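Peer 1: Below: one structure in structure tokens.
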Amino acid sequence: MALSAAMDITSETPAIIEFGHFRVLPRRRELLADGQPIHLGGRSFDVLMALIEGQGAVVAKDTLMERVWPNRIVEENSLHFQISALRDALGAERSLIRTISGRGYQFYRGDPHDRGEASSAGGLQRRPHGCPRRPAHR
């Protein structure tokens with residue numbers, strides 16, 4: 001499945017990010033599944049955005065912790081808790097968030113049997129603001 005993002009011309013942050021049956025509305029800080037809101041706490045949403053913005057690359061734990069808790073000292077278990085909450089919110093699609101042992105986490109949208117690095121954008125596609133969503137290929 002592809003990820004697409006509608007970009008707002010005033011910012012590099014996409015107005016809408018889509019992957020599978022999920023849609024992320026960054027400015028509204030919302031995660032939707034099949035159009036229905038999914039409860040996701042603020043820190044978990046920050047983790048999700050950092051991983052998506054990593055475009056399939058491994059995002060180091062320290063990088064995530066600095067982004068989610070800037071200028072604060074927190075223990076790594078706080079990050080583990082947010083990753084767990086994010087995976088719970090994704091439900092059956094929890095494998096979108098990969099743990100890369102000793103390195104960090106990765107938003108991965110590819111072959112679940114592939115253990116290599118993700119392709120650029122982690123199998124996600126972005127679309128300009130205002131472009132209609134393409135029909136899903138099945």
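Following the order of the structure tokens, chains are lettered A, B, ..., residues in each are numbered from 1, and ligands are numbered from 1.
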Near Val59 in chain A, within 9 Å and counting only C-alpha atoms, which residues show up once chain neighbours fewer than 2 positions away are dropped, as a ChimeraX atom specification?
Peer 2: /A:50-51,54,56-57,61-64,103-107
Peer 1: Kindly export the residues of the current selection with N, CA and C atoms, as a PDB file, in the first residue's frame.
Peer 2:
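Final output, out_35.pdb:
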```pdb
ATOM      1  N   ALA A  50       7.436  11.724  13.697  1.00  0.00           N
ATOM      2  CA  ALA A  50       8.899  11.630  13.541  1.00  0.00           C
ATOM      3  C   ALA A  50       9.266  10.414  12.696  1.00  0.00           C
ATOM      4  N   LEU A  51       8.586   9.296  12.921  1.00  0.00           N
ATOM      5  CA  LEU A  51       8.881   8.084  12.153  1.00  0.00           C
ATOM      6  C   LEU A  51       8.456   8.233  10.694  1.00  0.00           C
ATOM      7  N   GLY A  54      10.809  10.311   8.865  1.00  0.00           N
ATOM      8  CA  GLY A  54      12.067   9.610   8.621  1.00  0.00           C
ATOM      9  C   GLY A  54      12.087   8.919   7.266  1.00  0.00           C
ATOM     10  N   GLY A  56      11.166   6.055   6.033  1.00  0.00           N
ATOM     11  CA  GLY A  56      11.629   4.673   5.939  1.00  0.00           C
ATOM     12  C   GLY A  56      12.983   4.423   6.562  1.00  0.00           C
ATOM     13  N   ALA A  57      13.681   5.477   6.953  1.00  0.00           N
ATOM     14  CA  ALA A  57      14.994   5.315   7.596  1.00  0.00           C
ATOM     15  C   ALA A  57      14.794   4.966   9.072  1.00  0.00           C
ATOM     16  N   LYS A  61      16.785   6.211  18.776  1.00  0.00           N
ATOM     17  CA  LYS A  61      16.032   6.446  20.014  1.00  0.00           C
ATOM     18  C   LYS A  61      16.309   7.835  20.570  1.00  0.00           C
ATOM     19  N   ASP A  62      17.573   8.244  20.583  1.00  0.00           N
ATOM     20  CA  ASP A  62      17.918   9.568  21.105  1.00  0.00           C
ATOM     21  C   ASP A  62      17.247  10.677  20.301  1.00  0.00           C
ATOM     22  N   THR A  63      17.169  10.506  18.995  1.00  0.00           N
ATOM     23  CA  THR A  63      16.524  11.494  18.138  1.00  0.00           C
ATOM     24  C   THR A  63      15.040  11.594  18.473  1.00  0.00           C
ATOM     25  N   LEU A  64      14.399  10.454  18.635  1.00  0.00           N
ATOM     26  CA  LEU A  64      12.983  10.445  18.990  1.00  0.00           C
ATOM     27  C   LEU A  64      12.753  11.093  20.352  1.00  0.00           C
ATOM     28  N   ARG A 103      19.426   0.305  17.616  1.00  0.00           N
ATOM     29  CA  ARG A 103      19.504   1.510  16.786  1.00  0.00           C
ATOM     30  C   ARG A 103      18.326   2.455  16.979  1.00  0.00           C
ATOM     31  N   GLY A 104      17.109   1.936  16.900  1.00  0.00           N
ATOM     32  CA  GLY A 104      15.945   2.801  17.020  1.00  0.00           C
ATOM     33  C   GLY A 104      14.717   2.154  16.428  1.00  0.00           C
ATOM     34  N   TYR A 105      13.912   2.976  15.759  1.00  0.00           N
ATOM     35  CA  TYR A 105      12.644   2.505  15.209  1.00  0.00           C
ATOM     36  C   TYR A 105      12.513   2.978  13.773  1.00  0.00           C
ATOM     37  N   GLN A 106      11.625   2.290  13.048  1.00  0.00           N
ATOM     38  CA  GLN A 106      11.452   2.565  11.628  1.00  0.00           C
ATOM     39  C   GLN A 106       9.981   2.454  11.271  1.00  0.00           C
ATOM     40  N   PHE A 107       9.488   3.420  10.508  1.00  0.00           N
ATOM     41  CA  PHE A 107       8.157   3.315   9.921  1.00  0.00           C
ATOM     42  C   PHE A 107       8.356   2.585   8.607  1.00  0.00           C
TER      43      PHE A 107
END
```
Peer 1: Write out as number ranges by chain which residues come within 12 Å of range 78-83 of chain A when counting only C-alpha atoms, dropping same-chain ones fewer than 6 positions away.
Peer 2: A: 40-51, 60-69, 72, 89-90, 94-99, 104-107
Peer 1: Using Å and a single decimal, report how far CA of Ile73 in chain A sits from CA of Ile52 in chain A.
Peer 2: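 Between these atoms lies a distance of 23.9 Å.
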Peer 1: Name the residues in contact with Arg23 in chain A at a cut-off of 8 Å, using only C-alpha atoms, excluding same-chain residues fewer than 4 positions from it; report them as a ChimeraX atom specification.
Peer 2: /A:16-19,31-35
Peer 1: Create the file for the chosen residues now, containing C-alpha atoms and written as a PDB file, in the first residue's frame.
Peer 2:
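The resulting file, selection_35.pdb, is reproduced below:
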```pdb
ATOM      1  CA  ILE A  16      -2.698  14.925   4.838  1.00  0.00           C
ATOM      2  CA  ILE A  17      -0.654  11.727   5.018  1.00  0.00           C
ATOM      3  CA  GLU A  18      -2.238   8.458   3.922  1.00  0.00           C
ATOM      4  CA  PHE A  19      -1.033   4.897   4.284  1.00  0.00           C
ATOM      5  CA  LEU A  31      -5.072   9.771  13.168  1.00  0.00           C
ATOM      6  CA  LEU A  32      -8.019   8.277  11.279  1.00  0.00           C
ATOM      7  CA  ALA A  33      -8.660   4.670  10.282  1.00  0.00           C
ATOM      8  CA  ASP A  34     -11.240   4.288   7.517  1.00  0.00           C
ATOM      9  CA  GLY A  35     -12.315   7.856   8.289  1.00  0.00           C
TER      10      GLY A  35
END
```
Peer 1: Quick check for you: according to DSSP on this backbone, which residues of range 11-77 of chain A are classed as strand (DSSP E)? Reply as a list in words.
Peer 2: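 For range 11-77 of chain A, the strand (DSSP E) set is Pro14, Ala15, Ile16, Ile17, Glu18, Phe19, Phe22, Arg23, Val24, Leu25, Glu30, Leu31, Leu32, Ala33, Gln36, Pro37, Ile38, Val59 and Ala60 of chain A.
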Peer 1: Among range 60-93 of chain A, which ones does DSSP assign to alpha helix (DSSP H) (computed from the backbone)? Answer as a PyMOL selection string.
Peer 2: chain A and resi 61-68+76-90
Peer 1: From the list A:Val74, A:Ile100, A:Ala92, A:Ala15, which residue is nearest Val58 in chain A when using only C-alpha atoms?
Peer 2: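 For Val58 in chain A, the nearest of the given residues is A:Ile100.
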Peer 1: One decimal, in Å: what's the spacing between CA of Arg27 in chain A and CA of Glu76 in chain A?
Peer 2: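 Those two atoms sit 27.1 Å apart.
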